Amino acid sequence: MTRYILRRLAISFGVLFVGSFLLYIMVINSGDPLEDLRQSTASNRDVLIQGRIDTMGLDLPWYQRYWDWLTGVAGCFTGNCDLGTDQTGTDVLSMLEQAATATLRLVTIATFAAIIIGIIVGILTAIRQYSGFDYAVTFLTFLFFSLPVFWAAVLLKEYGAIRFNDWIADPQISVLQAFIVGAVLAFILQAVMGGSMRRRLFTAGATGAFSVIALLYFTYVGWWRSPALGPVIVILVSLAFAVGLVALFAGLGKRRVLYATLTTVGVGSVLYFALAPLLEEPNWWLLLGLLVSAVVVGLVVGYFWGGYSRGQAMAMSAITAVFMAGMTFADHLVYAWHGFLELKPRPISTIGASTPNFQGDFWETTLDWGTQLILPTILLTLISVATYSRYTRSSMLETMNQDYVRTARSKGLSERTVITKHAFRNALIPITTIIALDFAALIGGAVITETVFGWNGMGAMFREGLDHVDPNPVMAFFLVTGTAAVVMNLVADLAYASLDPRIRR
Amino acid sequence: MTIIDETPAQPVQGGAVLSFTDLEIKFNTEFGRVHAVKGITLEVNPGEVLALVGESGSGKSVTSTSALGLLPRNATVNGAISVAGKSVDSMSDRSLRKMRGDDVAMVFQEPMTALNPVLTVRTQMIEALELHGKAYGKDAEARAVELLTMVGIPDPERRIKQYPHEFSGGQRQRIVIAMALSCDPTVIIADEPTTALDVTVQAEILDLLRSLKDELNTGILLITHSMGVVADMADRVAVMYKGDLVEQGSAQEVLTRPQHEYTKRLLEAVPKLGSRGETAPVVQEEGPKALEVHDLVVEYHRQGKEPFRAVDGVSLSVKRGEIVGLVGESGSGKSTIARCALGLIPAASGEVAILGEDITQMSRKPLKELRRRIGVVFQDPASSLNPRLPVGDCIAEPMDVHSIGDSKSRREKVAELLDAVELPRSVANRYPHELSGGQRQRVSIARALSLDPEFLVADEPTSALDVSVQASVLKMFTHLQEQYNFGCLFVSHDLAVIDMLADHVVVLKDGKVVEQGARHKVLADPQEEYTKRLLMAAPVPDPAEQRARREQRYAFMKEIGEEDHGLHIEHDDSARGNGPNQPFNSSGLGGLAGGH
Amino acid sequence: MSEERRDSAMQGSPEPLPHAGVEIDEPKFADKSYSQGQLVRRRFFRHKGALAGLAVLILITLLAFTSIGIGPLPGWWDKDFTTTGSVINGGRPTMGWFYLGEHPFGQDTTGRDYFAMVMRGTQISLVIAFTVGILSTIIGTLIGAIAGYYRGWTESLLMRVTDLFIIIPLLVFAAVLGQIAGGAGIFALAVALAFVTWTGLARLVRGEVLSLREREFVSAAQAIGTGSWRIIMRHILPNTIGVIIVATTFAIASAILLETSLSFLGFGVQPPDISLGSLISDYQTAFTSRPWLFWFPGLFILAIALSVNFIGDGLRDAFDPRQGKDG
């Protein structure tokens with residue numbers, strides 16, 4: 001296995017090298033780097049031209065320029081990176097550091113969201129093949145496939161940001177609006193849950209009634225501007241999650257697993273109150289430490305409750321603990337919303353990666369980040385969700401037809417176990433590869449999203465570089481996407497090997 | 001070994017463990033409604049093996065699947081099905097699931113795909129035990145190990161942690177059987193449990209199944225197309241034909257005195273070992289032999305591993321006008337030799353001479369010239385014809401490639417060949433998917449004969465066909481061979497087929513020749529242990545004769561010191577599965593190998 | 001079940017003649033037999049989404065090409081996409097439910113007829129998309145088939161080139177090429193885009209060929225001395241036609257999006273040419289003041305891409321009934 005991976009890595013770096021060469025040559029031949037200066041009417045035109053020729057090394061032969069760039073990059077392995085300068089003489093490496101953080105944050109969040117949503121939707125559509133829900137999702141995926149990103153982005157800016165900001169200034173939901181939203185939610189949920197006519201009606205009724213009441217209540221108490229979850233909701237939702245998780249993946253018959261997750265929620269509730277002062281003004285390291293300790297608590301609880309199903313109990317408790325930690329985090333975040341609105345009356349931004357000159361506490365800054373990130377993330381997520389759900393669906397349908405699924409059914413396993421334990425793990429194998437390969441393409445795709453939302457990310461760097469026939473920023477962009485692709489390929493190989501025992505060596 | 005009673009086993013208690021009454025199953029398909037099962041009534045008693053026999057498409061698998069309520073959604077079921085006294089058709093999903101595995105368990109045809117490749121054997125075995133509340137955690141694992149010991153998996157404590165791909169096909173089928181046994185089902189449905197296995201492994205698995213019903217009083221519904229398996233296993237037989245039950249009775253009765261026309265035809269079609277007496281050896285005329293292979297070695301290269309030697313120092317020859325049967329089990333290298341003799345894969349060393357010309361040393365042009373004189377028929381009727389070409393073009397393709405004749409003469413030749421393989425001339429305009437498997441194989445033969453070959457390679461040409469179709473194809477093949485008088489290398493795993501056809505037999509094992517000689521000599525008086533084992537393992541469609549053969553096989557196995565393949569359980573351990581720490585006797589049932 | 005369905009030879013001896021052969025799984029075959037093409041057509045025309053997609057695509061194509069004409073051929077619409085004029089009524093669309101009016105899609109800021117401009121953009125986008133789709137299919141099929149059949153270094157080279165396209169994002173590659181080719185007219189752009197989009201199909205075809213070359217009819221063809229080229233052209237490629245057609249359709253759909261994205265970024269169609277993407281790019285800031293300048297080209301892109309995608313889905317169902325209803 002190790003040998004195989006090393007071989008793959010060597011080949012990938014070889015390809016990376018060839019790619020860099022090709023790209024460099026293509027970029028420097030894509031136009032005239034002096035075009036704007038030649039047309040300029042400035043009196044010091046010739047000086048400017050000569051200056052640019054010197055910074056960019058335009059008087060050197062192409063191989064010399066490529067070689068200079070390559071030796072600069074090679075320096076990265078010995079600790080002194082030199083990615084050259086752009087046409088104005090700015091150091092590309094420092095540009096890249098800033099740009100890459102913004103872009104990678106965007107792409108990573110979008111990828112994770114897309115994986116989770118896409119796989120869940122894919123499984124649901126596979127289970128409910130040829131239902132109304134399946135057809136609706138199929139239509140939506142095709143719609144997202146066919147959507148010009150830049151066009152959708154403008155729409156999202158208009159309706160997701162501008163109109164929302166108008167609304168949040170004075171949030172009102174009329175009774176009619178509440179009923180419409182309730183009806184839509186009710187319809188969607190009954191289609192997802194399926195079952196007999198009676199069960200569907202019940203699901204729809206309960207969902208509809210709950211949403212209408214919640215919407216009207218929230219509006220009445222002014223929740224939209226000063227929301228809060230509070231300990232009751234955090235604990236109740238965590239309990240529901242714990243029970244749901246066990247029911248879905250272990251079966252409620254496994255009492256020890258159930259007790260382990262419930263105990264975890266109990267411990268979490270105590271910690272919720274105990275840690276409240278600490279969370280007034282935290283930092284990211286503290287939060288990370290708390291997350292790790294949550295996992296540890298979950299594992300320990302699972303270990304002591306586990307008995308014969310120790311492994312499962314530990315995993316489920318840890319997941320529950322992480323979920324609860326997330327809920328607690330969300331609780332604080334939601335609580336900060338009111339103060340945030342005071343600081344920033346129009347919360348959702350359409351331009352840029354952070355609000356200039358924003359001053360606030362930890363939670364408010366986090367909210368600012370979030371509101372900046374939300375629209376481009378939604379956009380990137382939607383498109384990836386379409387791909388992933390489609391792949392998951394067909395992969396699930398394929399595995400559901402396999403002999404071993406029939407064997408599993410003939411043992412008397414419930415459909416839930418057949419799907420989560422037998423079909424899904426096998427279906428995951430091809431999906432992993434696709435997701436890993438897609439990550440690099442997504443960074444490429446982020447170019448458009450960043451352009452529309454005016455982010456100063458790698459997309460802008462690439463676009464301006466190419467526009468000015470300036471190779472160094474373009475190559476820096478390539479280095480990041482290329483390395484990401486190589487790394488993700490490696491991850492795909494490892495994931496493949498861990499999922500499929502047949503190829504472990 | 002326990003002797004199978006000739007009369008049906010008496011129901012021990014409470015009547016049938018599995019029964020179908022007026023069962024009718026229909027499918028809604030793209031092409032309309034299909035009536036797969038047309039009202040059949042069947043029952044299986046405890047401790048009894050009922051064999052459900054029929055060829056592909058007779059509805060036998062559909063019938064069995066309906067007992068577990070596992071038919072696809074487009075099926076409609078009418079009639080009554082009951083398992084262990086409970087009616088299946090009125091069951092809720094929940095009680096259906098409780099019944100599956102607990103009351104009725106299933107053993108499927110394909111052991112290679114029946115187990116989940118990404119879960120360990122341990123996980124897959126434990127889940128049924130825990131689900132049906134038989135044992136949990138460590139207890140369940142101990143029980144699973146015990147079950148694996150019972151079905152004869154060596155070193156079960158270690159191997160239970162392995163994944164399915166680390167086991168051989170026969171072992172996987174044992175694991176599937178162990179899984180089926182795990183909850184003490186009252187009835188086991190075995191759907192072609194040995195079809196995908198080699199004949200020696202088949203004999204072992206059948207031994208195992210036989211001991212199940214004797215030791216555990218389990219009822220078994222055995223679905224099979226092989227009359228030999230029926231004779232070896234069944235107490236009673238039910239014959240299905242196009243969704244109808246045409247005959248039912250004790251195994252002895254049905255196999256020796258069939259009443260229905262179809263059953264008679266089916267039995268007649270079964271190739272029988274030793275039915276053809278001694279024949280005169282073929283005498284080579286003038287000139288070079290059709291095929292001469294000398295010290296052939298073929299290796300497959302694998303990344304990062306030692307090359308795998310599929311054929312290791314094989315020498316054989318085919319005279320003109322002679323049929324040489326190349327026989328062996330899967331992995332013996334027989335198909336590799338055939339492909340190498342066609343020049344499709346290179347030899348690592350050794351000589352292959354066709355019609356006197358060494359093809360390992362040949363350049364492209366003369367090789368093409370030589371290929372004009374060779375014909376080939378492959379195994380799989382589904383993939384041996386190009387689906388995009390009409391049958392006529394398929395047959396004319398070799399003439400087209402070698403630019404022989406004009407289109408008119410080719411058409412005539414095609415018509416002539418279709419006559420020769422007993423297909424109507426109108427077939428020429430049809431596409432392969434419109435033909436049945438047997439018809440496609442006839443087309444393959446017609447294509448192989450289109451250039452009047454002097455040497456023909458037939459790689460298992462009938463093994464994917466139903467037995468009645470196989471019989472007619474083989475008859476036609478023999479007839480054509482006499483007419484065209486080509487030399488033929490005939491590859492098969494079926495000794496009876498080889499016996500019907502060949503003049504000379506070569507027995508292969510693990511890439512090496514075990515034994516070769518004139519057909520009658522090798523098959524009637526084998527010298528080597530392996531050949532004997534192969535011959536003994538092949539079941540014959542007569543219960544009495546098969547019993548005698550079985551006893552003979554047990555005696556032989558004892559002689560060569562091999563373990564029996566029955567259920568390995570201790571007799572006085574009356575409360576099975578009581579405690580994991582109870583010692584069990586892994587040497588198995590006391591008198592199993594000795595015979596009663 | 002599989003055994004029941006695989007083969008339905010259910011005869012005794014003597015074996016009955018063709019029509020009686022199939023009884024259980026395909027009963028209607030006995031009376032009426034379908035060729036592969038008929039089956040595909042039948043299944044395709046039962047796919048409502050695909051039919052709707054086909055209708056929409058034909059409609060849009062006809063509209064785009066007949067309205068303003070092609071090259072020297074005049075169309076039925078009396079305005080062209082270059083003539084500026086006075087802006088009437090703030091350039092708002094004059095289209096109503098039952099009439100078109102003077103400027104059905106309104107006018108741009110310089111008074112050009114926006115309907116004519118959108119039609120011109122549609123024409124160019126369609127031409128580029130289909131050229132790219134077809135060209136990349138040809139390149140991809142040939143390279144995939146050769147790599148899959150001959151194996152060896154051809155195959156390694158192809159795999160490395162594919163890796164190259166994974167490492168350099170498609171959009172980046174296309175942008176660089178578009179920047180180089182964009183000024184040289186739309187066909188140069190189409191060729192450049194085809195050059196970067198063939199790898200997916202090549203991989204797909206290679207996979208198909210790899211499995212087909214193990215099929216026995218290919219071995220049979222080799223055994224009788226058929227040349228490699230003939231095997232590829234006559235025995236292998238015809239059997240991948242379904243995969244190829246489906247992939248071409250999806251390639252066309254993604255080519256539309258690729259071209260419009262590039263034009264939006266400024267690396268695609270260069271002025272004075274118009275594409276739907278460049279129209280959106282030019283008027284994206286006009287969303288609040290003149291929303292129609294933004295809506296119409298976007299909706300046209302969406303409609304074209306969506307209908308092509310649905311056609312592709314229908315074709316896939318038609319060629320590969322495994323994913324279809326009732327197996």
# chains A, B, ... in the order shown; residues from 1 in each chain; ligands from 1

$ residues_around --residues "Ala128 of chain B" --least-positions-apart "3" --cutoff "8 Å" --atoms "only C-alpha atoms" --output "ChimeraX atom specification"
/A:411-413 /B:101,124-125,131-132,179,182-183

$ write_last_selection --atoms "N, CA, C and O atoms" --output "tab-separated table (two decimals), in the first residue's frame"
chain	number	residue	atom	x	y	z
A	411	LYS	N	-31.82	-12.52	5.98
A	411	LYS	CA	-31.54	-12.79	7.38
A	411	LYS	C	-32.59	-12.19	8.27
A	411	LYS	O	-32.61	-12.45	9.47
A	412	GLY	N	-33.43	-11.33	7.71
A	412	GLY	CA	-34.46	-10.70	8.51
A	412	GLY	C	-34.07	-9.33	9.01
A	412	GLY	O	-34.74	-8.77	9.86
A	413	LEU	N	-32.99	-8.76	8.48
A	413	LEU	CA	-32.60	-7.41	8.90
A	413	LEU	C	-33.64	-6.41	8.42
A	413	LEU	O	-34.28	-6.60	7.39
B	101	GLY	N	-34.72	-15.75	8.36
B	101	GLY	CA	-33.55	-16.04	9.17
B	101	GLY	C	-33.89	-16.92	10.36
B	101	GLY	O	-33.17	-17.85	10.68
B	124	GLN	N	-20.99	-10.15	9.83
B	124	GLN	CA	-22.14	-10.64	9.09
B	124	GLN	C	-22.79	-11.82	9.77
B	124	GLN	O	-23.99	-12.04	9.64
B	125	MET	N	-21.99	-12.60	10.50
B	125	MET	CA	-22.58	-13.74	11.18
B	125	MET	C	-23.28	-13.32	12.46
B	125	MET	O	-24.32	-13.84	12.83
B	131	LEU	N	-29.85	-10.02	16.09
B	131	LEU	CA	-31.16	-9.56	15.65
B	131	LEU	C	-32.27	-10.45	16.18
B	131	LEU	O	-33.29	-9.98	16.66
B	132	HIS	N	-32.05	-11.75	16.07
B	132	HIS	CA	-33.11	-12.66	16.49
B	132	HIS	C	-32.96	-13.06	17.95
B	132	HIS	O	-33.59	-14.02	18.40
B	179	MET	N	-24.34	-19.19	8.13
B	179	MET	CA	-25.21	-18.06	8.45
B	179	MET	C	-26.66	-18.50	8.42
B	179	MET	O	-27.46	-18.10	9.28
B	182	SER	N	-27.61	-20.26	11.56
B	182	SER	CA	-27.31	-19.61	12.83
B	182	SER	C	-28.52	-19.51	13.75
B	182	SER	O	-28.38	-19.56	14.95
B	183	CYS	N	-29.73	-19.35	13.19
B	183	CYS	CA	-30.88	-19.19	14.08
B	183	CYS	C	-31.73	-20.44	14.12
B	183	CYS	O	-32.91	-20.36	14.44

$ residues_around --residues "Ser58 of chain B" --least-positions-apart "2" --cutoff "6 Å" --atoms "only C-alpha atoms" --output "short mmCIF file (atom, residue, chain, number, x, y, z; two decimals) with all heavy atoms, in the first residue's frame"
data_model
loop_
_atom_site.label_atom_id
_atom_site.label_comp_id
_atom_site.auth_asym_id
_atom_site.auth_seq_id
_atom_site.Cartn_x
_atom_site.Cartn_y
_atom_site.Cartn_z
N GLY B 54 -36.09 -27.68 -12.65
CA GLY B 54 -36.61 -27.05 -13.84
C GLY B 54 -35.48 -26.31 -14.52
O GLY B 54 -34.43 -26.09 -13.92
N GLU B 55 -35.67 -25.93 -15.78
CA GLU B 55 -34.62 -25.21 -16.46
C GLU B 55 -34.82 -23.72 -16.26
O GLU B 55 -35.79 -23.30 -15.63
CB GLU B 55 -34.63 -25.61 -17.93
CG GLU B 55 -34.38 -27.11 -18.06
CD GLU B 55 -34.14 -27.54 -19.48
OE1 GLU B 55 -34.90 -27.14 -20.36
OE2 GLU B 55 -33.17 -28.29 -19.69
N SER B 56 -33.89 -22.92 -16.79
CA SER B 56 -34.00 -21.49 -16.53
C SER B 56 -35.32 -20.96 -17.08
O SER B 56 -35.77 -21.36 -18.15
CB SER B 56 -32.82 -20.73 -17.15
OG SER B 56 -32.48 -21.27 -18.38
N LYS B 60 -38.79 -21.50 -10.85
CA LYS B 60 -38.47 -22.14 -9.58
C LYS B 60 -37.85 -21.19 -8.57
O LYS B 60 -38.19 -21.23 -7.39
CB LYS B 60 -37.59 -23.38 -9.80
CG LYS B 60 -36.31 -23.11 -10.58
CD LYS B 60 -35.68 -24.43 -10.98
CE LYS B 60 -34.25 -24.24 -11.45
NZ LYS B 60 -34.07 -23.28 -12.56
N MET B 240 -40.77 -28.42 -12.44
CA MET B 240 -41.48 -27.24 -12.94
C MET B 240 -41.14 -27.01 -14.40
O MET B 240 -40.01 -27.19 -14.83
CB MET B 240 -41.08 -26.00 -12.14
CG MET B 240 -41.91 -25.82 -10.90
SD MET B 240 -41.57 -24.23 -10.13
CE MET B 240 -42.81 -23.21 -10.91
N TYR B 241 -42.17 -26.60 -15.13
CA TYR B 241 -41.96 -26.31 -16.55
C TYR B 241 -42.81 -25.10 -16.91
O TYR B 241 -44.04 -25.14 -16.76
CB TYR B 241 -42.35 -27.53 -17.37
CG TYR B 241 -42.22 -27.33 -18.87
CD1 TYR B 241 -40.99 -27.01 -19.44
CD2 TYR B 241 -43.33 -27.48 -19.69
CE1 TYR B 241 -40.88 -26.82 -20.80
CE2 TYR B 241 -43.22 -27.30 -21.06
CZ TYR B 241 -41.99 -26.97 -21.61
OH TYR B 241 -41.88 -26.79 -22.95
N LYS B 242 -42.19 -24.03 -17.31
CA LYS B 242 -42.89 -22.81 -17.70
C LYS B 242 -43.92 -22.37 -16.65
O LYS B 242 -45.06 -22.05 -16.98
CB LYS B 242 -43.59 -22.99 -19.04
CG LYS B 242 -42.60 -23.14 -20.19
CD LYS B 242 -43.32 -23.16 -21.50
CE LYS B 242 -42.31 -23.30 -22.62
NZ LYS B 242 -42.93 -23.39 -23.93
N GLY B 243 -43.52 -22.40 -15.38
CA GLY B 243 -44.40 -21.90 -14.34
C GLY B 243 -45.41 -22.90 -13.83
O GLY B 243 -46.17 -22.59 -12.92
#

$ interface_residues --of "chain C" --to "chain A" --cutoff "7 Å" --atoms "only C-alpha atoms" --output "ChimeraX atom specification"
/C:160,163-164,166-169,171-172,176,179-180,257,298,302,305-306,309

$ atom_distance --atom1 "atom CA of Leu68 of chain B" --atom2 "atom CA of Arg100 of chain B"
6.2 Å

$ interface_residues --of "chain A" --to "chain B" --cutoff "9 Å" --atoms "only C-alpha atoms" --output "PyMOL selection string"
chain A and resi 4+253+307-309+402-414+421-423+425-426+499-502

$ write_last_selection --atoms "N, CA, C and O atoms" --output "mmCIF file, in the first residue's frame"
data_model
loop_
_atom_site.group_PDB
_atom_site.id
_atom_site.type_symbol
_atom_site.label_atom_id
_atom_site.label_comp_id
_atom_site.auth_asym_id
_atom_site.auth_seq_id
_atom_site.Cartn_x
_atom_site.Cartn_y
_atom_site.Cartn_z
ATOM 1 N N TYR A 4 2.549 1.721 -3.201
ATOM 2 C CA TYR A 4 1.580 2.161 -4.201
ATOM 3 C C TYR A 4 1.318 3.659 -4.071
ATOM 4 O O TYR A 4 1.323 4.405 -5.055
ATOM 5 N N GLY A 253 -33.080 -1.287 20.002
ATOM 6 C CA GLY A 253 -32.951 -2.529 20.771
ATOM 7 C C GLY A 253 -31.618 -2.596 21.505
ATOM 8 O O GLY A 253 -31.491 -3.272 22.522
ATOM 9 N N GLY A 307 -20.362 -2.420 26.854
ATOM 10 C CA GLY A 307 -20.583 -3.857 26.953
ATOM 11 C C GLY A 307 -20.183 -4.545 25.664
ATOM 12 O O GLY A 307 -19.130 -4.254 25.094
ATOM 13 N N TYR A 308 -21.052 -5.399 25.147
ATOM 14 C CA TYR A 308 -20.676 -6.168 23.959
ATOM 15 C C TYR A 308 -20.673 -5.333 22.688
ATOM 16 O O TYR A 308 -20.109 -5.721 21.690
ATOM 17 N N SER A 309 -21.354 -4.179 22.738
ATOM 18 C CA SER A 309 -21.292 -3.346 21.531
ATOM 19 C C SER A 309 -20.521 -2.071 21.844
ATOM 20 O O SER A 309 -20.995 -0.963 21.628
ATOM 21 N N GLN A 402 -27.504 -5.645 -5.353
ATOM 22 C CA GLN A 402 -26.477 -6.676 -5.232
ATOM 23 C C GLN A 402 -26.990 -7.881 -4.450
ATOM 24 O O GLN A 402 -27.913 -7.770 -3.649
ATOM 25 N N ASP A 403 -26.319 -8.996 -4.671
ATOM 26 C CA ASP A 403 -26.716 -10.230 -4.006
ATOM 27 C C ASP A 403 -26.618 -10.124 -2.492
ATOM 28 O O ASP A 403 -27.446 -10.650 -1.771
ATOM 29 N N TYR A 404 -25.549 -9.440 -2.006
ATOM 30 C CA TYR A 404 -25.380 -9.438 -0.559
ATOM 31 C C TYR A 404 -26.465 -8.643 0.151
ATOM 32 O O TYR A 404 -26.739 -8.869 1.311
ATOM 33 N N VAL A 405 -27.086 -7.710 -0.567
ATOM 34 C CA VAL A 405 -28.212 -6.996 0.032
ATOM 35 C C VAL A 405 -29.393 -7.951 0.168
ATOM 36 O O VAL A 405 -30.096 -7.958 1.177
ATOM 37 N N ARG A 406 -29.557 -8.802 -0.833
ATOM 38 C CA ARG A 406 -30.605 -9.819 -0.758
ATOM 39 C C ARG A 406 -30.322 -10.768 0.399
ATOM 40 O O ARG A 406 -31.210 -11.127 1.162
ATOM 41 N N THR A 407 -29.044 -11.159 0.543
ATOM 42 C CA THR A 407 -28.680 -12.023 1.666
ATOM 43 C C THR A 407 -29.036 -11.355 2.986
ATOM 44 O O THR A 407 -29.620 -11.977 3.871
ATOM 45 N N ALA A 408 -28.684 -10.065 3.100
ATOM 46 C CA ALA A 408 -28.960 -9.340 4.334
ATOM 47 C C ALA A 408 -30.457 -9.332 4.625
ATOM 48 O O ALA A 408 -30.886 -9.569 5.746
ATOM 49 N N ARG A 409 -31.247 -9.095 3.582
ATOM 50 C CA ARG A 409 -32.696 -9.087 3.788
ATOM 51 C C ARG A 409 -33.180 -10.466 4.213
ATOM 52 O O ARG A 409 -34.052 -10.589 5.057
ATOM 53 N N SER A 410 -32.594 -11.501 3.608
ATOM 54 C CA SER A 410 -33.082 -12.851 3.905
ATOM 55 C C SER A 410 -32.744 -13.256 5.329
ATOM 56 O O SER A 410 -33.279 -14.216 5.840
ATOM 57 N N LYS A 411 -31.817 -12.516 5.979
ATOM 58 C CA LYS A 411 -31.537 -12.793 7.385
ATOM 59 C C LYS A 411 -32.594 -12.190 8.271
ATOM 60 O O LYS A 411 -32.613 -12.446 9.467
ATOM 61 N N GLY A 412 -33.426 -11.333 7.711
ATOM 62 C CA GLY A 412 -34.457 -10.703 8.514
ATOM 63 C C GLY A 412 -34.075 -9.325 9.007
ATOM 64 O O GLY A 412 -34.742 -8.768 9.861
ATOM 65 N N LEU A 413 -32.991 -8.757 8.485
ATOM 66 C CA LEU A 413 -32.604 -7.411 8.899
ATOM 67 C C LEU A 413 -33.645 -6.414 8.420
ATOM 68 O O LEU A 413 -34.275 -6.601 7.386
ATOM 69 N N SER A 414 -33.805 -5.360 9.208
ATOM 70 C CA SER A 414 -34.769 -4.345 8.809
ATOM 71 C C SER A 414 -34.179 -3.540 7.647
ATOM 72 O O SER A 414 -32.972 -3.516 7.436
ATOM 73 N N LYS A 421 -26.112 -0.279 6.943
ATOM 74 C CA LYS A 421 -24.952 -1.121 7.227
ATOM 75 C C LYS A 421 -24.432 -1.822 5.972
ATOM 76 O O LYS A 421 -23.235 -1.901 5.750
ATOM 77 N N HIS A 422 -25.331 -2.321 5.156
ATOM 78 C CA HIS A 422 -24.870 -3.133 4.031
ATOM 79 C C HIS A 422 -24.751 -2.358 2.734
ATOM 80 O O HIS A 422 -23.740 -2.431 2.052
ATOM 81 N N ALA A 423 -25.802 -1.622 2.377
ATOM 82 C CA ALA A 423 -25.766 -0.957 1.071
ATOM 83 C C ALA A 423 -24.893 0.289 1.108
ATOM 84 O O ALA A 423 -24.043 0.497 0.249
ATOM 85 N N ARG A 425 -22.363 1.424 2.940
ATOM 86 C CA ARG A 425 -20.897 1.352 2.992
ATOM 87 C C ARG A 425 -20.310 1.005 1.633
ATOM 88 O O ARG A 425 -19.258 1.494 1.248
ATOM 89 N N ASN A 426 -21.001 0.153 0.917
ATOM 90 C CA ASN A 426 -20.509 -0.191 -0.420
ATOM 91 C C ASN A 426 -20.725 0.947 -1.407
ATOM 92 O O ASN A 426 -19.893 1.181 -2.278
ATOM 93 N N LEU A 499 -12.143 1.874 3.060
ATOM 94 C CA LEU A 499 -13.521 1.426 2.876
ATOM 95 C C LEU A 499 -13.586 0.045 2.236
ATOM 96 O O LEU A 499 -14.508 -0.707 2.474
ATOM 97 N N ASP A 500 -12.641 -0.256 1.390
ATOM 98 C CA ASP A 500 -12.721 -1.492 0.624
ATOM 99 C C ASP A 500 -11.590 -2.437 1.008
ATOM 100 O O ASP A 500 -10.454 -2.252 0.586
ATOM 101 N N PRO A 501 -11.893 -3.440 1.812
ATOM 102 C CA PRO A 501 -10.838 -4.347 2.273
ATOM 103 C C PRO A 501 -10.168 -5.098 1.126
ATOM 104 O O PRO A 501 -9.056 -5.577 1.268
ATOM 105 N N ARG A 502 -10.852 -5.176 -0.014
ATOM 106 C CA ARG A 502 -10.295 -5.965 -1.109
ATOM 107 C C ARG A 502 -9.024 -5.363 -1.686
ATOM 108 O O ARG A 502 -8.215 -6.060 -2.271
#

$ closest_atom_pairs --of "chain B" --to "chain C" --cutoff "6 Å" --atoms "only C-alpha atoms" --output "JSON lines"
{"residue": "B:Ser56", "atom": "CA", "partner": "C:Glu4", "partner_atom": "CA", "distance": 5.5}
{"residue": "B:Gly57", "atom": "CA", "partner": "C:Glu4", "partner_atom": "CA", "distance": 4.6}
{"residue": "B:Leu342", "atom": "CA", "partner": "C:Ala223", "partner_atom": "CA", "distance": 6.0}
{"residue": "B:Lys368", "atom": "CA", "partner": "C:Gly225", "partner_atom": "CA", "distance": 4.9}
{"residue": "B:Arg371", "atom": "CA", "partner": "C:Ile224", "partner_atom": "CA", "distance": 5.2}
{"residue": "B:Ser383", "atom": "CA", "partner": "C:Glu216", "partner_atom": "CA", "distance": 5.6}
{"residue": "B:Ser384", "atom": "CA", "partner": "C:Phe217", "partner_atom": "CA", "distance": 4.3}
{"residue": "B:Leu385", "atom": "CA", "partner": "C:Phe217", "partner_atom": "CA", "distance": 5.0}
{"residue": "B:Asn386", "atom": "CA", "partner": "C:Phe217", "partner_atom": "CA", "distance": 5.7}
{"residue": "B:Val401", "atom": "CA", "partner": "C:Thr226", "partner_atom": "CA", "distance": 5.9}
{"residue": "B:Ser436", "atom": "CA", "partner": "C:Ala9", "partner_atom": "CA", "distance": 5.0}
{"residue": "B:Gly437", "atom": "CA", "partner": "C:Ala9", "partner_atom": "CA", "distance": 5.9}
{"residue": "B:Ser468", "atom": "CA", "partner": "C:Gly12", "partner_atom": "CA", "distance": 5.4}

$ residues_around --residues "Ile220 of chain B" --least-positions-apart "2" --cutoff "10 Å" --atoms "only C-alpha atoms" --output "list in words"
Val17, Leu18, Val44, Asn45, Pro46, Gly47, Glu48, Val49, Leu50, Ala51, Val104, Ala105, Met106, Thr186, Val187, Ile188, Ile189, Ala190, Leu209, Arg210, Leu212, Lys213, Asn217, Thr218, Leu222, Ile223, Met233, Ala234 and Asp235 of chain B

$ select_by_dssp --residues "segment 94-220 of chain A" --states "alpha helix (DSSP H)" --output "JSON, numbers by chain"
{"A": [94, 95, 96, 97, 98, 99, 100, 101, 102, 103, 104, 105, 106, 107, 108, 109, 110, 111, 112, 113, 114, 115, 116, 117, 118, 119, 120, 121, 122, 123, 124, 125, 126, 127, 132, 133, 134, 135, 136, 137, 138, 139, 140, 141, 142, 143, 144, 145, 146, 149, 150, 151, 152, 153, 154, 155, 156, 163, 164, 165, 166, 167, 168, 169, 175, 176, 177, 178, 179, 180, 181, 182, 183, 184, 185, 186, 187, 188, 189, 190, 191, 192, 193, 197, 198, 199, 200, 201, 202, 203, 204, 205, 206, 207, 208, 209, 210, 211, 212, 213, 214, 215, 216, 217, 218, 219, 220]}
